[in-house]
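Scroll down for the structure; my scribbles are underneath it.
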Amino acid sequence: MTTTFDPYASSRETTEGTVFSVTGGDWDSLVSEIGESKEERIIVNMGPQHPSTHGVLRLVLELEGETITEVRTGIGYLHTGIEKNIEFRNWTQGVTFVTRMDYLSPIFNETAYCLAVEKLLGITNDIPERASVIRVLMMELNRISSHMVALGTGALELGAMGPMFFAFRDREIILDTFEEITGLRMNMAYVRPGGVSQDLPAGMGTKLREVVKTLRKNFEDNAKLLIGNTIWMKRTEGIGYLDLAGCTTLGITGPVLRSAGLPWDLRKTQPYCGYENYEFDVITADTADVYGRFLVRMAELEQSLRIIEQAIDKLDALEGQPVMVADKKIAWPAQLALGADGLGNSLEHIREIMGSSMESLIHHFKLVTEGFRVPAGQAYVAIESPRGELGAHVVSDGGTRPYRVHFREPSFNNLQATSAMSEGGMISDIIGAVASIDPVMGGVDR
Amino acid sequence: MTQEQNGMFGAAGTGDTSGYGGLVRTAAATGSTERPYGGYFDDVADDLERAYPDFADAITRVVVDRGELTLHVKKSRLVEVAFILRDKLKFEMCMGVSGVHYLDRTGAELVALYPLLSMTKNQRIRLEVATSELDPHIPSVVEVWAGNNWHEREAFDMFGIIFDGHPGLTRILMPDDWDGHPQRKDYPLGGISVEYKGATTPAPSQRRSYQ
Amino acid sequence: MGLEDKLPSGVLLSTVEGLAGYMRKSSLWPATFGLACCAIEMMALGSAPKHDISRFGMERFSASPRQADLMIVAGRVSQKMAPVLRQIYDQMTAPKWVISMGACASSGGMFNNYAIVQGVDHVVPVDIYLPGCPPRPEQLMDAIIKLHTLIGDTKLGPNREAVIKEVELAAMNAKPTIQMKGLLA
C-alpha cells in the first residue's frame with residue numbers, strides 16, 4: 001500500500017521467513033499477504049514495551065490461529081548489575097542497592113540481605129526483639145502493598161479497571177504509613193544489618209490500628225468486585241494450570257505453589273525474625289489455576305492484617321527498647337531526629353560524640369566511612385516474600401565490602417513456568433497466566 | 001581463603017596510627033569440618049554415604065559453617081550426586097545456581113553453588129562445584145531440577161561457566177552479542193566519573209577502598 | 001508541519017500559537033514506558049484516587065506509540081532496552097515530548113556501571129528531567145505542569161525558527177559543566 005520506503009511498514013524476506021512490520025492502516029494488505037503464504041504458524045513478538053506483560057518482559061509467541069504452540073520468554077531488559085555494584089560498596093550501603101531489586105517489596109530484599117549479613121556476623125541472636133518485631137510489621141505491610149499491585153495490575157491486564165483504583169487507594173494508605181515510619185514511600189533502606197535504622201515515631205501504635213481497620217474495610221471492595229464475578233471466573237478458572245509436580249521441578253514457591261495445594265510457607269516451616277510467635281494461617285487452594293492464585297493472594301491479605309495487629313501489641317509491650325544491636329562496632333551509629341533544618345543527627349547524639357565519648361566519635365566515623373568487617377564465609381538465608389522464596393547468598397572475604405552477593409529471586413524461577421502454563425492456550429490466557437505469576441522484572445533481571 | 005590480615009582499621013601499608021597495626025588475623029582454614037556435624041547434617045551425610053558408594057571419591061570436602069552444610073562435589077560426579085540427593089534423600093527443590101569468581105584460587109576460580117531444599121524433611125544443604133577458568137565446564141543439572149535452566153544461563157552469562165548438556169545455553173541478562181562475562185572479578189564495573197562544576201567524582205570502582 | 005507553519009509572523013500567528021499550545025497540552029496521552037520502580041509511582045499517579053492524572057486528561061495511557069504524545073521514561077534503561085526505547089520514540093508521531101522520570105533515567109542514577117545507560121538523553125531528546133528515587137507522584141505532577149507550560153509556549157513557524165537559532169547559539173557558546181566555577185555559577 002505504501003509507495004515510499006518506510007522501515008516500519010513493509011514485509012521483507014529473511015532467512016527465517018517473511019517478517020511483517022505492522023503499522024496500522026495496512027491490515028488488509030497484511031492479511032492478504034499472510035493468506036497467500038502456506039504457513040499456518042506465525043511468530044508474534046509481545047515486545048518488552050507492552051501494557052500487559054507486567055514490566056519489561058518479552059514474550060515470543062508461536063501462534064496457530066489464536067492458539068499458542070510455543071512461548072519463549074526474553075528477560076534481561078532491566079539488568080542493572082546490582083550484584084556487581086554491591087561489591088564496590090560497604091555492607092551497609094549494600095542495603096540501598098538491594099532494596100531496588102524487587103521494587104514492589106523493598107523491605108523483603110533488605111531483610112533477606114540483612115539476615116544473611118547478620119548470620120555471617122554471628123549476631124542473629126543479638127538482634128533486639130523490638131527490631132525483629134518492627135521488621136515483621138514492615139514486611140507484612142509490604143506484603144499487603146505488593147499483593148495490592150499484583151491484584152490491581154492483574155485485573156487491569158485482564159480488562160477490569162475498577163480493582164486497580166481500589167488497590168492503589170489501599171496502597172496509598174500503606175505508603176503513607178511507610179513514609180511516616182521510614183521517611184520514604186518506596187525503596188526505603190530501612191532495615192540495616194543489626195536492626196532497623198530508626199525507631200517508630202511516637203503515637204504510631206494508634207495510627208497503625210486505624211490503618212488496619214481502614215484496610216480491613218477496604219479489602220471488601222475488591223472482594224465484592226471480583227470473587228464470584230462470572231466474567232472474572234471465566235477468564236481465570238482453569239487458566240495457567242501448573243500442578244505440584246510442575247512446581248517442584250521448576251523450583252516454584254510462593255502463592256503459585258500454594259495454589260497447587262502444598263502449604264509451604266517459610267514463615268511457618270523455617271521461621272525467621274520471630275515469626276514462630278505469631279498466629280496466622282497458611283492459605284492454600286487446590287485448583288492450581290489463576291483463580292486459585294488470586295484467592296490465595298486475597299486471603300493472605302487478611303492473614304497479614306492479623307500478623308500486623310499482633311505486632312502492634314508486641315510493640316506496645318516493648319516500648320523504649322533499642323532497635324539496633326548492642327555491639328557498637330556494628331550498630332549503625334546515627335540517631336536521627338527532626339530538627340529545625342530537617343532530618344539529621346539528633347542534638348543529644350552530637351553532644352555525646354563531640355563532648356563526652358571519644359569511642360562513640362570513633363565508631364561513628366569509622367562505621368560511616370569504612371564500615372564494619374564481616375568474618376569470611378558464606379551464608380544463604382531465605383525468607384518468604386510475596387512472590388515466593390527470596391534467598392540471599394552472601395560471600396564475605398573478611399573485609400568491609402561484600403565479596404559476592406547473589407539473590408535467588410522468586411520471580412526468576414516463577415517466570416520459567418510461563419511456557420508450561422500457556423502452551424496450548426490462547427493469547428488472552430497467557431496474560432492471565434503471567435499476571436498470576438506476578439513477576440517483578442527488577443527482581444528477575446537484577 | 002587462607003589469608004592473613006594485618007591491622008584492624010585502615011588500609012595496609014599506610015600510616016595507621018590506631019595502634020592496632022600489629023594485629024595479625026588468619027582467615028578460616030580450608031579443610032573439612034570434623035564429625036559430628038550437629039543437627040540434621042549428620043543424617044544427611046550418613047544417608048548420602050549409604051545411598052552413594054562413591055561418596056568419598058566424589059565429595060572432596062564437607063564444611064559446616066554458621067549453621068549450614070556445604071558439600072564440595074567433584075564436577076564429574078555432580079549429576080550422579082544430584083540424582084541421588086533428589087530421589088533418595090528427597091531434596092526436591094534446587095534454589096538456583098549461584099556463581100562466585102575467586103581470583104586467587106588458581107585452578108578452581110569459578111565456583112557454582114547449588115542451594116538445595118527438601119520440603120518433605122524441611123532441610124537445607126548446599127553443593128559447591130569448582131572449576132578452573134581455563135576449562136570452565138560443569139555438567140548441567142537441568143535434567144535433575146528443571147528450574148535451573150535459567151539459573152545456568154545466568155551463570156554462563158555472568159561468569160562464563162559452560163554447562164555441558166544444557167538445552168539452550170545462551171545469554172539471558174546481557175544483550176546477545178555482549179562481549180565478556182560481567183560479574184567476573186577482572187571485568188571492570190564500567191562506571192564513568194561524574195562531572196560537577198569544577199570537579200569530578202570518580203566512578204565507584206576507582207574510589208578508595210579499605211581492606 | 002502544517003498550515004500553522006506557513007503563517008507569517010504577527011498577531012495571527014501568536015493567536016494560533018496560543019490556541020495550538022492550549023490544545024496540545026490539554027490532553028497529552030502518555031505512552032506506557034514504565035520500566036522499574038518509577039513506573040509504580042507513575043501508576044500511582046495514574047490510578048490512585050489520591051493523585052489523579054485525569055485532572056489533566058492524561059489518564060489514557062496509550063499503549064500504542066502511534067497515538068501517544070508524551071513518553072515518560074520511568075525507570076532505569078539498560079543496555080538491552082535502549083534500542084527498544086529508541087524504536088518506541090521513533091514510532092511516536094510528532095509533536096512528541098519526553099519526560100525522563102527519576103534519577104536513573106536522567107543520569108544513570110545510583111547505577112554507575114556497565115549495564116545502565118547513563119542518562120536517557122544519550123538515546124532520545126529530553127524535555128523535562130525529573131530527579132528523585134523514585135519521585136513522588138506530586139513531583140511527577142509538577143513536572144507535567146511544567147511541561148504543559150512549555151508546550152503552551154511553543155512557538156510556530158518563523159518564530160520557531162528564531163527560537164531554534166537562539167537555542168543552538170546558546171548551546172554552542174555554553175560552558176561545559178566542568179569549567180563552570182563557583183557554587184551557583
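Just remember, in the C-alpha cells the first chain shown is A, the second B, etc., residues are 1-based per chain, and ligands are 1-based in the order shown.
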Could you list the residues in chain B lying within 10 Å of chain C, using only C-alpha atoms, and format the result as a short mmCIF file (atom, residue, chain, number, x, y, z; two decimals) with C-alpha atoms, in the first residue's frame?
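Result file is out.cif:
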data_model
loop_
_atom_site.label_atom_id
_atom_site.label_comp_id
_atom_site.auth_asym_id
_atom_site.auth_seq_id
_atom_site.Cartn_x
_atom_site.Cartn_y
_atom_site.Cartn_z
CA LEU B 173 20.59 -10.93 31.07
CA MET B 174 23.03 -9.11 28.81
CA PRO B 175 22.34 -8.43 25.12
CA ASP B 176 23.01 -11.47 22.97
CA TRP B 178 27.78 -8.82 24.53
CA PRO B 182 30.37 -9.07 33.64
CA TYR B 187 35.69 -7.41 34.44
CA PRO B 188 35.53 -3.67 35.15
CA LEU B 189 32.47 -2.16 36.77
CA GLY B 190 32.24 0.17 33.82
CA GLY B 191 31.20 3.31 35.63
CA ILE B 192 32.02 6.78 34.40
CA SER B 193 33.26 9.63 36.53
CA VAL B 194 30.52 12.11 37.27
CA GLU B 195 31.14 15.69 36.26
CA TYR B 196 30.23 18.59 38.52
CA LYS B 197 31.06 22.23 38.30
CA GLY B 198 34.80 22.34 38.51
CA ALA B 199 35.41 18.78 39.66
CA THR B 200 34.61 15.16 39.04
CA ALA B 203 33.46 6.01 39.41
CA PRO B 204 32.72 3.60 42.28
CA SER B 205 35.47 1.19 41.26
#
- Message: Can you pull out the residues contacting Cys114 (chain A)? Cut-off 9 Å, using only C-alpha atoms, and skip same-chain residues under 4 positions away; I want them as a ChimeraX atom specification.
- Response: /A:92,95,109-110,118-119,191-195,392
Selected residues written out, N, CA and C atoms, as an mmCIF file, in the first residue's frame:
data_model
loop_
_atom_site.group_PDB
_atom_site.id
_atom_site.type_symbol
_atom_site.label_atom_id
_atom_site.label_comp_id
_atom_site.auth_asym_id
_atom_site.auth_seq_id
_atom_site.Cartn_x
_atom_site.Cartn_y
_atom_site.Cartn_z
ATOM 1 N N THR A 92 26.780 -1.832 54.668
ATOM 2 C CA THR A 92 25.529 -1.106 54.915
ATOM 3 C C THR A 92 25.016 -0.451 53.640
ATOM 4 N N VAL A 95 22.553 -2.306 51.346
ATOM 5 C CA VAL A 95 21.101 -2.306 51.573
ATOM 6 C C VAL A 95 20.402 -1.405 50.563
ATOM 7 N N ASN A 109 13.634 -7.525 50.329
ATOM 8 C CA ASN A 109 15.012 -7.604 49.836
ATOM 9 C C ASN A 109 15.987 -7.225 50.940
ATOM 10 N N GLU A 110 15.670 -6.099 51.613
ATOM 11 C CA GLU A 110 16.575 -5.638 52.662
ATOM 12 C C GLU A 110 16.689 -6.651 53.779
ATOM 13 N N GLU A 118 23.844 -10.707 58.984
ATOM 14 C CA GLU A 118 23.877 -10.957 60.432
ATOM 15 C C GLU A 118 24.280 -12.388 60.721
ATOM 16 N N LYS A 119 23.884 -13.318 59.825
ATOM 17 C CA LYS A 119 24.306 -14.711 60.029
ATOM 18 C C LYS A 119 25.815 -14.820 59.923
ATOM 19 N N VAL A 191 15.761 -1.330 56.779
ATOM 20 C CA VAL A 191 16.302 -2.450 57.543
ATOM 21 C C VAL A 191 17.800 -2.482 57.298
ATOM 22 N N ARG A 192 18.580 -2.393 58.337
ATOM 23 C CA ARG A 192 20.035 -2.355 58.207
ATOM 24 C C ARG A 192 20.620 -3.565 58.928
ATOM 25 N N PRO A 193 21.861 -3.965 58.596
ATOM 26 C CA PRO A 193 22.460 -5.084 59.327
ATOM 27 C C PRO A 193 22.574 -4.728 60.807
ATOM 28 N N GLY A 194 21.909 -5.457 61.654
ATOM 29 C CA GLY A 194 21.947 -5.152 63.077
ATOM 30 C C GLY A 194 20.613 -4.716 63.626
ATOM 31 N N GLY A 195 19.672 -4.386 62.773
ATOM 32 C CA GLY A 195 18.379 -3.937 63.278
ATOM 33 C C GLY A 195 17.683 -3.091 62.234
ATOM 34 N N ALA A 392 19.018 -14.904 49.874
ATOM 35 C CA ALA A 392 20.204 -14.074 49.718
ATOM 36 C C ALA A 392 21.414 -14.933 50.007
#
With only C-alpha atoms counted and 10 Å as the cut-off, give the residues of chain A in contact with chain C, each with its shortest interatomic distance in Å and the pair that gives it, as a tab-separated table.
residue	atom	partner	partner_atom	distance
A:Tyr8	CA	C:Gln91	CA	8.4
A:Thr23	CA	C:Arg66	CA	8.4
A:Gly24	CA	C:Arg66	CA	9.0
A:Gly47	CA	C:Val84	CA	8.7
A:Pro48	CA	C:Val84	CA	7.6
A:Gln49	CA	C:Phe33	CA	6.6
A:His50	CA	C:Ala63	CA	6.7
A:Pro51	CA	C:Ala63	CA	5.8
A:Ser52	CA	C:Ala63	CA	9.2
A:His54	CA	C:Gly34	CA	9.6
A:Gly55	CA	C:Leu35	CA	6.2
A:Val56	CA	C:Leu35	CA	6.2
A:Leu57	CA	C:Leu35	CA	9.9
A:Ile75	CA	C:Lys80	CA	9.5
A:Gly76	CA	C:Lys80	CA	7.0
A:Tyr77	CA	C:Met81	CA	5.1
A:Leu78	CA	C:Ser78	CA	5.6
A:His79	CA	C:Ser78	CA	6.1
A:Thr80	CA	C:Ala115	CA	5.3
A:Gly81	CA	C:Ala115	CA	5.9
A:Ile82	CA	C:Phe111	CA	7.6
A:Lys84	CA	C:Asn113	CA	8.8
A:Asn85	CA	C:Asn113	CA	7.3
A:Thr96	CA	C:Met110	CA	9.4
A:Phe97	CA	C:Met110	CA	8.3
A:Arg100	CA	C:Cys37	CA	7.4
A:Met101	CA	C:Cys37	CA	9.0
A:Asp102	CA	C:Cys37	CA	8.6
A:Tyr103	CA	C:Cys37	CA	5.4
A:Leu104	CA	C:Cys37	CA	7.5
A:Val149	CA	C:Ile40	CA	8.6
A:Gly152	CA	C:Ser47	CA	9.7
A:Thr153	CA	C:Met43	CA	9.4
A:Met161	CA	C:Ser47	CA	9.3
A:Gly162	CA	C:Ser47	CA	9.6
A:Met164	CA	C:Ser47	CA	6.8
A:Phe165	CA	C:Ser47	CA	5.5
A:Phe166	CA	C:Ala48	CA	7.8
A:Ala167	CA	C:Ala48	CA	8.1
A:Phe168	CA	C:Ala48	CA	4.9
A:Arg169	CA	C:Ala48	CA	5.2
A:Asp170	CA	C:Ala48	CA	8.7
A:Arg171	CA	C:Ala48	CA	8.4
A:Glu172	CA	C:Ala48	CA	7.3
A:Ile173	CA	C:Lys50	CA	9.8
A:Leu184	CA	C:Pro134	CA	9.3
A:Arg185	CA	C:Arg136	CA	8.0
A:Met186	CA	C:Pro134	CA	7.2
A:Asn187	CA	C:Cys133	CA	7.9
A:Met188	CA	C:Cys133	CA	9.9
A:Val440	CA	C:Ala36	CA	8.7
A:Met441	CA	C:Ala36	CA	7.6
A:Gly442	CA	C:Ala36	CA	6.3
A:Gly443	CA	C:Ala36	CA	9.9
- Message: Should the cut-off be 6 Å, what would the residue list for chain B against chain A look like, counting only C-alpha atoms, as a PyMOL selection string?
- Response: chain B and resi 93+145-147+173+183+211
- Once DSSP has gone over the backbone, tell me which residues of region 315-413 of chain A are in strand (DSSP E), as a ChimeraX atom specification. /A:336-339,342-345,377-385,388-396,404-408
- Hey, can you check how far CA of Lys329 (chain A) sits from CA of Lys185 (chain B)?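 Answer for the CA of Lys329 (chain A) to CA of Lys185 (chain B) separation: 28.7 Å.
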Do you know which residues are at most 8 Å from His151 (chain B) counting only C-alpha atoms, after dropping those on the same chain fewer than 5 positions away, and could you put them as a PDB file with C-alpha atoms, in the first residue's frame?
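Now in around-v4.pdb:
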ATOM      1  CA  GLY B  96      19.214 -21.996  41.663  1.00  0.00           C
ATOM      2  CA  VAL B  97      22.845 -21.696  40.718  1.00  0.00           C
ATOM      3  CA  SER B  98      24.954 -19.018  42.316  1.00  0.00           C
TER       4      SER B  98
END
- Test item: residues at most 12 Å from Arg35 (chain B), only C-alpha atoms, excluding those fewer than 2 positions along its chain, as a PyMOL selection string: chain B and resi 32-33+37-39+41-43+45-46+62-64
- Task: Counting only C-alpha atoms, figure out which residue out of C:Ala20, C:Ala143, C:Ile53, C:Ala94 gets nearest to Tyr129 (chain C).
- Result: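 Going through C:Ala20, C:Ala143, C:Ile53, C:Ala94 one by one, the smallest distance to Tyr129 (chain C) is for C:Ala143.
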When you look at Glu68 (chain B) with a cut-off of 8 Å (counting only C-alpha atoms), what residues show up, excluding the ones that are within fewer than 5 positions of it in the same chain? I need them as a PDB file with N, CA, C and O atoms, in the first residue's frame.
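Listing of selection-v3.pdb after writing:
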ATOM      1  N   ALA A 379      26.885 -17.443  53.492  1.00  0.00           N
ATOM      2  CA  ALA A 379      25.609 -17.739  54.151  1.00  0.00           C
ATOM      3  C   ALA A 379      24.500 -17.599  53.129  1.00  0.00           C
ATOM      4  O   ALA A 379      24.562 -16.757  52.235  1.00  0.00           O
TER       5      ALA A 379
ATOM      6  N   ARG B 124      17.970 -27.953  54.569  1.00  0.00           N
ATOM      7  CA  ARG B 124      18.673 -27.215  53.526  1.00  0.00           C
ATOM      8  C   ARG B 124      20.134 -27.626  53.529  1.00  0.00           C
ATOM      9  O   ARG B 124      20.757 -27.704  54.584  1.00  0.00           O
ATOM     10  N   ILE B 125      20.681 -27.892  52.356  1.00  0.00           N
ATOM     11  CA  ILE B 125      22.130 -28.064  52.255  1.00  0.00           C
ATOM     12  C   ILE B 125      22.591 -27.290  51.027  1.00  0.00           C
ATOM     13  O   ILE B 125      21.802 -26.656  50.342  1.00  0.00           O
ATOM     14  N   ARG B 126      23.880 -27.342  50.783  1.00  0.00           N
ATOM     15  CA  ARG B 126      24.412 -26.617  49.633  1.00  0.00           C
ATOM     16  C   ARG B 126      25.462 -27.472  48.962  1.00  0.00           C
ATOM     17  O   ARG B 126      26.241 -28.151  49.621  1.00  0.00           O
TER      18      ARG B 126
END
